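Asks: Following this line is input_35.cif, made up of mmCIF, N, CA and C atoms:
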data_run
#
loop_
_atom_site.label_atom_id
_atom_site.label_comp_id
_atom_site.auth_asym_id
_atom_site.auth_seq_id
_atom_site.Cartn_x
_atom_site.Cartn_y
_atom_site.Cartn_z
N MET E 4 -190.55 113.67 -56.70
CA MET E 4 -190.57 112.33 -57.18
C MET E 4 -191.07 111.43 -56.05
N ILE E 5 -191.99 110.56 -56.38
CA ILE E 5 -192.58 109.69 -55.37
C ILE E 5 -192.25 108.24 -55.69
N ILE E 6 -191.79 107.51 -54.69
CA ILE E 6 -191.47 106.09 -54.84
C ILE E 6 -192.33 105.32 -53.86
N TYR E 7 -192.92 104.23 -54.32
CA TYR E 7 -193.74 103.40 -53.46
C TYR E 7 -192.92 102.21 -52.95
N VAL E 8 -192.82 102.08 -51.65
CA VAL E 8 -192.07 101.00 -51.02
C VAL E 8 -192.98 100.32 -50.00
N ASP E 9 -193.29 99.06 -50.23
CA ASP E 9 -194.13 98.28 -49.31
C ASP E 9 -195.42 99.02 -48.95
N ASP E 10 -196.12 99.45 -49.93
CA ASP E 10 -197.41 100.15 -49.76
C ASP E 10 -197.28 101.45 -48.95
N THR E 11 -196.10 101.98 -48.85
CA THR E 11 -195.93 103.29 -48.22
C THR E 11 -195.36 104.24 -49.27
N GLU E 12 -195.67 105.46 -49.12
CA GLU E 12 -195.27 106.47 -50.09
C GLU E 12 -194.04 107.20 -49.55
N VAL E 13 -193.00 107.24 -50.34
CA VAL E 13 -191.77 107.91 -49.94
C VAL E 13 -191.50 109.02 -50.95
N LEU E 14 -191.36 110.21 -50.47
CA LEU E 14 -191.07 111.35 -51.32
C LEU E 14 -189.58 111.64 -51.27
N LEU E 15 -188.93 111.64 -52.44
CA LEU E 15 -187.51 111.95 -52.47
C LEU E 15 -187.33 113.44 -52.23
N ASP E 16 -186.48 113.76 -51.28
CA ASP E 16 -186.25 115.17 -51.00
C ASP E 16 -185.34 115.78 -52.08
N ALA E 17 -185.21 117.08 -52.03
CA ALA E 17 -184.48 117.80 -53.07
C ALA E 17 -183.01 117.40 -53.11
N SER E 18 -182.43 117.06 -51.98
CA SER E 18 -181.01 116.69 -51.99
C SER E 18 -180.78 115.38 -52.75
N ARG E 19 -181.70 114.44 -52.64
CA ARG E 19 -181.54 113.18 -53.40
C ARG E 19 -181.72 113.41 -54.90
N VAL E 20 -182.66 114.26 -55.25
CA VAL E 20 -182.84 114.58 -56.66
C VAL E 20 -181.62 115.33 -57.19
N LEU E 21 -181.05 116.19 -56.35
CA LEU E 21 -179.85 116.92 -56.74
C LEU E 21 -178.67 115.96 -56.94
N LEU E 22 -178.63 114.87 -56.17
CA LEU E 22 -177.57 113.89 -56.34
C LEU E 22 -177.62 113.23 -57.72
N PHE E 23 -178.82 113.03 -58.27
CA PHE E 23 -178.92 112.50 -59.63
C PHE E 23 -178.30 113.48 -60.62
N PHE E 24 -178.52 114.76 -60.39
CA PHE E 24 -177.94 115.80 -61.25
C PHE E 24 -176.42 115.80 -61.13
N VAL E 25 -175.91 115.72 -59.92
CA VAL E 25 -174.46 115.69 -59.70
C VAL E 25 -173.85 114.45 -60.34
N ALA E 26 -174.52 113.31 -60.19
CA ALA E 26 -174.02 112.07 -60.81
C ALA E 26 -173.97 112.20 -62.33
N SER E 27 -174.99 112.79 -62.91
CA SER E 27 -174.99 112.94 -64.37
C SER E 27 -173.89 113.90 -64.82
N LEU E 28 -173.62 114.93 -64.04
CA LEU E 28 -172.51 115.83 -64.38
C LEU E 28 -171.16 115.12 -64.28
N LEU E 29 -171.00 114.29 -63.25
CA LEU E 29 -169.75 113.55 -63.11
C LEU E 29 -169.56 112.53 -64.23
N PHE E 30 -170.63 111.85 -64.61
CA PHE E 30 -170.54 110.91 -65.73
C PHE E 30 -170.26 111.65 -67.03
N SER E 31 -170.83 112.83 -67.18
CA SER E 31 -170.57 113.63 -68.37
C SER E 31 -169.11 114.09 -68.41
N LEU E 32 -168.58 114.49 -67.27
CA LEU E 32 -167.17 114.86 -67.19
C LEU E 32 -166.28 113.67 -67.53
N ALA E 33 -166.65 112.51 -67.02
CA ALA E 33 -165.88 111.30 -67.31
C ALA E 33 -165.89 110.99 -68.80
N ASN E 34 -167.03 111.15 -69.45
CA ASN E 34 -167.11 110.90 -70.89
C ASN E 34 -166.35 111.95 -71.68
N GLY E 35 -166.27 113.16 -71.15
CA GLY E 35 -165.50 114.21 -71.82
C GLY E 35 -164.01 113.94 -71.83
N ILE E 36 -163.55 113.13 -70.92
CA ILE E 36 -162.12 112.76 -70.88
C ILE E 36 -161.71 112.07 -72.17
N PHE E 37 -162.60 111.31 -72.77
CA PHE E 37 -162.26 110.57 -73.99
C PHE E 37 -162.04 111.50 -75.18
N LYS E 38 -162.47 112.73 -75.11
CA LYS E 38 -162.29 113.66 -76.23
C LYS E 38 -160.93 114.35 -76.20
N ILE E 39 -160.20 114.19 -75.10
CA ILE E 39 -158.87 114.80 -74.99
C ILE E 39 -157.86 113.86 -75.63
N LYS E 40 -157.40 114.21 -76.81
CA LYS E 40 -156.52 113.33 -77.57
C LYS E 40 -155.06 113.42 -77.11
N ARG E 41 -154.69 114.44 -76.33
CA ARG E 41 -153.31 114.59 -75.88
C ARG E 41 -152.95 113.58 -74.79
N ILE E 42 -153.95 113.00 -74.15
CA ILE E 42 -153.72 112.01 -73.10
C ILE E 42 -153.74 110.62 -73.73
N HIS E 43 -152.83 109.76 -73.30
CA HIS E 43 -152.75 108.39 -73.81
C HIS E 43 -154.08 107.66 -73.54
N THR E 44 -154.44 106.76 -74.43
CA THR E 44 -155.73 106.07 -74.35
C THR E 44 -155.89 105.30 -73.04
N ALA E 45 -154.84 104.62 -72.60
CA ALA E 45 -154.94 103.86 -71.34
C ALA E 45 -155.17 104.78 -70.16
N LEU E 46 -154.51 105.93 -70.15
CA LEU E 46 -154.70 106.89 -69.06
C LEU E 46 -156.11 107.49 -69.08
N ARG E 47 -156.62 107.75 -70.28
CA ARG E 47 -158.01 108.25 -70.39
C ARG E 47 -158.99 107.22 -69.85
N PHE E 48 -158.74 105.95 -70.14
CA PHE E 48 -159.61 104.88 -69.66
C PHE E 48 -159.56 104.79 -68.13
N ILE E 49 -158.37 104.89 -67.55
CA ILE E 49 -158.22 104.82 -66.09
C ILE E 49 -158.91 106.00 -65.41
N ILE E 50 -158.72 107.20 -65.96
CA ILE E 50 -159.38 108.39 -65.39
C ILE E 50 -160.89 108.26 -65.50
N HIS E 51 -161.39 107.76 -66.63
CA HIS E 51 -162.82 107.57 -66.83
C HIS E 51 -163.37 106.59 -65.80
N TYR E 52 -162.67 105.49 -65.60
CA TYR E 52 -163.10 104.49 -64.63
C TYR E 52 -163.15 105.08 -63.21
N ILE E 53 -162.11 105.79 -62.81
CA ILE E 53 -162.06 106.37 -61.47
C ILE E 53 -163.19 107.38 -61.26
N LEU E 54 -163.43 108.23 -62.25
CA LEU E 54 -164.53 109.19 -62.13
C LEU E 54 -165.89 108.50 -62.07
N CYS E 55 -166.07 107.46 -62.85
CA CYS E 55 -167.35 106.74 -62.83
C CYS E 55 -167.57 106.03 -61.49
N VAL E 56 -166.53 105.41 -60.95
CA VAL E 56 -166.67 104.75 -59.66
C VAL E 56 -166.96 105.78 -58.57
N PHE E 57 -166.27 106.92 -58.63
CA PHE E 57 -166.53 107.97 -57.66
C PHE E 57 -167.97 108.48 -57.75
N ALA E 58 -168.44 108.71 -58.97
CA ALA E 58 -169.81 109.19 -59.15
C ALA E 58 -170.82 108.18 -58.62
N PHE E 59 -170.60 106.91 -58.91
CA PHE E 59 -171.51 105.87 -58.43
C PHE E 59 -171.50 105.79 -56.90
N ALA E 60 -170.30 105.76 -56.34
CA ALA E 60 -170.20 105.61 -54.88
C ALA E 60 -170.73 106.84 -54.15
N ALA E 61 -170.34 108.01 -54.62
CA ALA E 61 -170.71 109.24 -53.91
C ALA E 61 -172.18 109.60 -54.07
N CYS E 62 -172.74 109.33 -55.23
CA CYS E 62 -174.10 109.80 -55.49
C CYS E 62 -175.18 108.73 -55.32
N PHE E 63 -174.80 107.46 -55.41
CA PHE E 63 -175.81 106.42 -55.29
C PHE E 63 -175.63 105.53 -54.07
N MET E 64 -174.40 105.29 -53.67
CA MET E 64 -174.17 104.38 -52.54
C MET E 64 -174.13 105.12 -51.20
N LEU E 65 -173.37 106.19 -51.11
CA LEU E 65 -173.21 106.88 -49.83
C LEU E 65 -174.50 107.44 -49.25
N PRO E 66 -175.41 107.99 -50.05
CA PRO E 66 -176.65 108.52 -49.46
C PRO E 66 -177.50 107.45 -48.76
N VAL E 67 -177.32 106.19 -49.13
CA VAL E 67 -178.07 105.12 -48.51
C VAL E 67 -177.44 104.70 -47.18
N SER E 68 -176.21 105.13 -46.92
CA SER E 68 -175.44 104.80 -45.72
C SER E 68 -175.25 103.31 -45.52
N PRO E 69 -174.63 102.64 -46.50
CA PRO E 69 -174.40 101.19 -46.35
C PRO E 69 -173.20 100.93 -45.44
N ASP E 70 -173.12 99.71 -44.93
CA ASP E 70 -171.91 99.36 -44.19
C ASP E 70 -170.79 99.10 -45.19
N ALA E 71 -169.58 98.90 -44.70
CA ALA E 71 -168.40 98.82 -45.57
C ALA E 71 -168.47 97.65 -46.55
N SER E 72 -168.95 96.51 -46.09
CA SER E 72 -168.99 95.35 -46.98
C SER E 72 -170.02 95.55 -48.10
N THR E 73 -171.13 96.16 -47.79
CA THR E 73 -172.14 96.44 -48.82
C THR E 73 -171.60 97.44 -49.83
N MET E 74 -170.87 98.43 -49.35
CA MET E 74 -170.26 99.43 -50.24
C MET E 74 -169.25 98.75 -51.16
N LEU E 75 -168.43 97.87 -50.61
CA LEU E 75 -167.44 97.17 -51.42
C LEU E 75 -168.10 96.27 -52.46
N VAL E 76 -169.14 95.56 -52.08
CA VAL E 76 -169.85 94.70 -53.03
C VAL E 76 -170.48 95.55 -54.14
N GLY E 77 -171.05 96.70 -53.79
CA GLY E 77 -171.63 97.59 -54.79
C GLY E 77 -170.60 98.08 -55.78
N ILE E 78 -169.42 98.45 -55.28
CA ILE E 78 -168.35 98.93 -56.16
C ILE E 78 -167.82 97.80 -57.03
N VAL E 79 -167.72 96.60 -56.48
CA VAL E 79 -167.25 95.46 -57.27
C VAL E 79 -168.25 95.13 -58.38
N ILE E 80 -169.52 95.11 -58.06
CA ILE E 80 -170.55 94.84 -59.09
C ILE E 80 -170.53 95.92 -60.16
N PHE E 81 -170.42 97.18 -59.74
CA PHE E 81 -170.33 98.29 -60.70
C PHE E 81 -169.10 98.11 -61.59
N SER E 82 -167.97 97.73 -60.99
CA SER E 82 -166.72 97.55 -61.75
C SER E 82 -166.84 96.42 -62.76
N VAL E 83 -167.45 95.32 -62.36
CA VAL E 83 -167.62 94.20 -63.29
C VAL E 83 -168.48 94.62 -64.48
N ILE E 84 -169.58 95.28 -64.20
CA ILE E 84 -170.45 95.77 -65.28
C ILE E 84 -169.70 96.76 -66.17
N TYR E 85 -168.92 97.65 -65.55
CA TYR E 85 -168.15 98.65 -66.29
C TYR E 85 -167.16 97.96 -67.24
N PHE E 86 -166.41 96.97 -66.75
CA PHE E 86 -165.40 96.33 -67.58
C PHE E 86 -166.01 95.45 -68.66
N VAL E 87 -167.16 94.86 -68.41
CA VAL E 87 -167.84 94.09 -69.46
C VAL E 87 -168.29 95.03 -70.58
N ILE E 88 -168.87 96.15 -70.22
CA ILE E 88 -169.30 97.12 -71.23
C ILE E 88 -168.09 97.69 -71.97
N ALA E 89 -167.01 98.00 -71.24
CA ALA E 89 -165.81 98.53 -71.87
C ALA E 89 -165.21 97.53 -72.86
N ALA E 90 -165.23 96.25 -72.50
CA ALA E 90 -164.71 95.23 -73.41
C ALA E 90 -165.57 95.13 -74.67
N LEU E 91 -166.88 95.21 -74.51
CA LEU E 91 -167.76 95.17 -75.68
C LEU E 91 -167.54 96.38 -76.59
N VAL E 92 -167.39 97.55 -75.98
CA VAL E 92 -167.14 98.76 -76.77
C VAL E 92 -165.82 98.65 -77.51
N ALA E 93 -164.77 98.16 -76.83
CA ALA E 93 -163.47 98.00 -77.48
C ALA E 93 -163.55 96.99 -78.63
N LEU E 94 -164.30 95.93 -78.43
CA LEU E 94 -164.46 94.92 -79.48
C LEU E 94 -165.15 95.52 -80.71
N PHE E 95 -166.25 96.21 -80.50
CA PHE E 95 -166.98 96.80 -81.62
C PHE E 95 -166.16 97.89 -82.31
N ARG E 96 -165.42 98.68 -81.53
CA ARG E 96 -164.60 99.74 -82.14
C ARG E 96 -163.48 99.14 -82.97
N SER E 97 -162.86 98.06 -82.50
CA SER E 97 -161.78 97.45 -83.28
C SER E 97 -162.33 96.81 -84.56
N ARG E 98 -163.50 96.20 -84.47
CA ARG E 98 -164.13 95.63 -85.67
C ARG E 98 -164.48 96.71 -86.68
N TYR E 99 -165.02 97.82 -86.18
CA TYR E 99 -165.40 98.93 -87.06
C TYR E 99 -164.16 99.53 -87.70
N LYS E 100 -163.09 99.67 -86.92
CA LYS E 100 -161.87 100.27 -87.42
C LYS E 100 -161.24 99.39 -88.50
N SER E 101 -161.21 98.07 -88.28
CA SER E 101 -160.64 97.17 -89.28
C SER E 101 -161.51 97.14 -90.53
N LYS E 102 -162.81 97.20 -90.37
CA LYS E 102 -163.73 97.21 -91.52
C LYS E 102 -163.53 98.50 -92.32
N LYS E 103 -163.32 99.60 -91.61
CA LYS E 103 -163.11 100.89 -92.28
C LYS E 103 -161.80 100.89 -93.06
N GLU E 104 -160.76 100.25 -92.51
CA GLU E 104 -159.48 100.18 -93.21
C GLU E 104 -159.57 99.28 -94.44
N GLU E 105 -160.40 98.23 -94.38
CA GLU E 105 -160.57 97.34 -95.53
C GLU E 105 -161.26 98.04 -96.68
N THR E 106 -162.22 98.88 -96.39
CA THR E 106 -162.99 99.56 -97.43
C THR E 106 -162.43 100.96 -97.67
N SER E 107 -161.13 101.04 -97.94
CA SER E 107 -160.53 102.34 -98.20
C SER E 107 -160.86 102.77 -99.63
N GLU E 108 -160.51 103.98 -99.94
CA GLU E 108 -160.83 104.55 -101.23
C GLU E 108 -160.14 103.77 -102.34
N TYR E 109 -160.86 103.56 -103.44
CA TYR E 109 -160.33 102.81 -104.57
C TYR E 109 -159.30 103.67 -105.31
N LYS E 110 -158.13 103.06 -105.56
CA LYS E 110 -157.10 103.73 -106.34
C LYS E 110 -156.76 102.85 -107.54
N SER E 111 -156.87 103.40 -108.69
CA SER E 111 -156.59 102.65 -109.91
C SER E 111 -155.12 102.35 -109.99
N GLN E 112 -154.78 101.10 -110.26
CA GLN E 112 -153.38 100.70 -110.37
C GLN E 112 -152.91 100.71 -111.83
N PHE E 113 -153.83 100.80 -112.72
CA PHE E 113 -153.49 100.80 -114.14
C PHE E 113 -153.88 102.14 -114.75
N SER E 114 -152.96 102.71 -115.48
CA SER E 114 -153.26 104.00 -116.11
C SER E 114 -153.96 103.75 -117.43
N LYS E 115 -154.93 104.59 -117.72
CA LYS E 115 -155.66 104.48 -118.97
C LYS E 115 -154.93 105.29 -120.03
N LYS E 116 -154.76 104.69 -121.21
CA LYS E 116 -154.03 105.39 -122.28
C LYS E 116 -154.95 105.81 -123.38
#
When written as structure tokens, how does the structure in this file appear?
Replies:
Amino acid sequence: MIIYVDDTEVLLDASRVLLFFVASLLFSLANGIFKIKRIHTALRFIIHYILCVFAFAACFMLPVSPDASTMLVGIVIFSVIYFVIAALVALFRSRYKSKKEETSEYKSQFSKK
């Protein structure tokens, strides 16, 4: 993979490309947590958040070797984006769930004779 930075050509080495693969596996593992119904929903959400933050920090932030304040700002920005998306998903899921309950199967209340 080649990236152009300030008219210079930078070739991503195999370890950086491998980090994208590791990040995708970690995000996939985090998404798989939501399929485990034996765990309480709040705990699944917390585990998902922790895994996503770890994947972001370990695979995208650490290879760049930022200083501590830059790392903290990156994690805070990631967290804000994460919680905004999570709130939108929760909103749409609750709307869909209430709509689904409203349109339940029709049951006749009057018997035909």
Asks: So how far away is atom N of E:Ser68 from atom C of E:Tyr52, in Å?
Replies: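 According to the coordinates, atom C of E:Tyr52 and atom N of E:Ser68 are separated by 20.9 Å.
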Asks: Could you check how far atom CA of E:Phe63 sits from atom CA of E:Arg19, in Å to one decimal?
Replies: 9.1 Å
Asks: Given the choices E:Val56, E:Ile42, E:Cys62, E:Leu75, which gets closest to E:Ser27 if the distance is worked out from only C-alpha atoms?
Replies: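 Checking each of E:Val56, E:Ile42, E:Cys62, E:Leu75 against E:Ser27, counting only C-alpha atoms, the winner is E:Cys62.
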Asks: Hey, what's within 8 Å of E:Ile78 if we count only N, CA and C atoms and toss same-chain stuff fewer than 6 positions away? As JSON, numbers by chain, please?
Replies: {"E": [56, 59, 60, 72, 84]}
Asks: Would you work out the distance separating atom C of E:His51 from atom C of E:Leu91, expressed in Å to one decimal?
Replies: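 Distance between the two atoms: 15.4 Å.
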Asks: Starting from the PyMOL selection byres (((chain E and resi 30 and name CA) around 9) and name CA), expand the selection into actual residues of this file and give them as a PyMOL selection string.
Replies: chain E and resi 25-29+31-35+51+54-55+58-59
Asks: Could you go through stretch 4-103 of chain E and tell me which residues DSSP, when run on the backbone, assigns to strand (DSSP E), listing them as a ChimeraX atom specification?
Replies: /E:5-8,11-14
Asks: Could you work out an axis-aligned box for stretch 84-93 of chain E, taking every atom the file lists and adding 4 Å on each side, and report centre and edge lengths in Å to one decimal, as JSON?
Replies:
{"center_x": -167.0, "center_y": 96.4, "center_z": -71.4, "size_x": 15.0, "size_y": 12.7, "size_z": 22.4}
